[in-house]
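Peer 1: I have a structure here, written as structure tokens, and I will follow up with some questions on it.
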Amino acid sequence: MPPSDATAPHTPSHLQREPRGRYAPSPTGALHLGNARTALVAFWHARAQGGAFVMRVEDLDTKRSREAFVATNLDELRWLGLTWDEGPDVGGPCGPYRQSERFGRYERALARLEAAGHLFACYLSRKDLQELASAPHGAAPVYGPAQRALNERLGAQKRGAGKAPSLRFRAPPGQVAFTDLLAGSATFDAQRDVGDVVVRRADGEWAYQLAVVVDDLEMGITHVVRGDDLLPSTGTQLLLYRALGAPPPTFLHVPLLLEADGTRMAKRKGSLTLSALKAAGVRPERVVGLLAYSLGLLAEPTEVSAQELTASFDVGLLQREAFRLDEGGLGWLYGR
Ligand code: GLU
């Protein structure tokens with residue numbers, strides 16, 4: 001068994017400081033305020049209990065990731081006042097801390113899943129899947145019996161025509177359940193809610209779902225704090241932990257920060273970034289204060305550093321609802 005296998009027990013001496021939390025930015029743009037808010041919760045959660053905080057760069061998607069944003073994102077988080085014990089810039093016992101340098105690990109985990117009979121080759125294109133669902137523009141439906149049957153029917157011909165398959169993880173029957181530190185208990189039916197997810201794409205790129213599980217596992221992460229837009233992914237990830245024979249971490253999904261119009265913040269639509277705030281001369285303490293207020297950690301926005309709020313961080317205070325950044329909040333940031 002290779003020493004860094006996904007299911008190998010961790011060397012306790014390396015990872016004794018618990019909890020071990022992480023923030024995992026994708027360098028596809030500058031970080032917006034919603035990203036910053038999640039990063040702060042991850043940082044406070046780990047540090048308030050004397051744990052370790054890991055920074056992992058999720059530059060998995062080679063087409064969308066940009067090298068320049070790796071440095072930008074780390075600079076933005078440092079400006080916000082975060083520090084980390086392990087990461088691409090500071091090293092650590094669980095490196096490398098960039099997904100683009102961890103492909104061999106994903107390969108090994110994939111081989112284990114393959115050997116245990118969890119994977120199958122899928123030759124269906126996005127178009128095939130959309131036509132099957134008769135929802136040409138809708139979200140891809142859960143991949144289930146109808147999709148498997150179509151794959152059986154068309155697979156041989158497509159393989160013969162030289163089409164490369166994606167690899168999918170076959171959802172087992174039954175349920176997966178977990179208790180989120182904030183959202184409470186959630187149950188997913190593996191076949192109805194999760195379905196057979198892609199673990200390696202047809203173009204050879206690794207799927208987020210597999211990479212994030214292998215990384216959190218091999219980095220000894222005990223608590224995954226992330227935005228609640230990723231809550232639906234947790235069912236998939238729990239199935240992968242199970243298939244790899246490893247216990248899953250504890251999850252805390254942070255409700256999102258919304259734009260004034262109530263829509264989600266997103267890098268691609270130009271939501272307000274930390275870089276923009278920094279360039280505008282806004283003090284990071286203003287940003288931290290507003291975000292802490294939006295989370296329920298302060299009664300009103302106050303200038304405060306991330307470090308100063310660490311000791312008083314309490315999951316029990318966190319708001320369970322999304323927060324809308326309105327004119328009042330923006331005005332406070334810019335001192336208007
Ligand atoms: N890299 C993901 C993002 O930037 C986060 C993944 C995770 O926290 O599991 O949205």
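The chains in the structure tokens are called A, B, ... from first to last as shown; in each chain the residues are counted from 1, and the ligands are counted from 1 in the order shown.
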Kindly compile the residues surrounding ligand 1 within 7 Å, counting only C-alpha atoms and all ligand atoms, and format them as a PDB file with C-alpha atoms, in the first residue's frame.
Peer 2:
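New file pocket04.pdb:
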ATOM      1  CA  TYR A  23     -10.188  26.978   3.765  1.00  0.00           C
ATOM      2  CA  ALA A  24      -9.988  25.901   0.158  1.00  0.00           C
ATOM      3  CA  PRO A  25     -10.187  28.756  -2.352  1.00  0.00           C
ATOM      4  CA  SER A  26     -10.468  28.050  -6.070  1.00  0.00           C
ATOM      5  CA  GLU A  58      -8.146  24.181  -5.241  1.00  0.00           C
ATOM      6  CA  VAL A 212     -11.885  17.267  -1.967  1.00  0.00           C
ATOM      7  CA  VAL A 224     -15.048  21.148   6.970  1.00  0.00           C
ATOM      8  CA  VAL A 225     -16.444  24.671   7.092  1.00  0.00           C
ATOM      9  CA  ARG A 226     -17.762  25.923   3.743  1.00  0.00           C
ATOM     10  CA  LEU A 230     -22.003  22.974  -1.192  1.00  0.00           C
TER      11      LEU A 230
END
Peer 1: Excluding same-chain residues fewer than 2 positions from segment 40-47 of chain A, what lies within 10 Å of it counting only C-alpha atoms, as a count of residues only?
Peer 2: 49
Peer 1: Tell me which protein, DNA and RNA residues are within 10 Å of segment 101-106 of chain A, counting only C-alpha atoms, leaving out same-chain ones fewer than 6 positions away, and put them as a VMD selection string.
Peer 2: chain A and resid 2 4 to 6 59 to 60 95 112 199 to 200 205 to 207 210 to 215 218
Peer 1: Would you mind reading off the distance between atom CA of Leu290 of chain A and atom CA of Thr28 of chain A, one decimal, in Å?
Peer 2: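 Pair atom CA of Leu290 of chain A / atom CA of Thr28 of chain A returns 24.8 Å.
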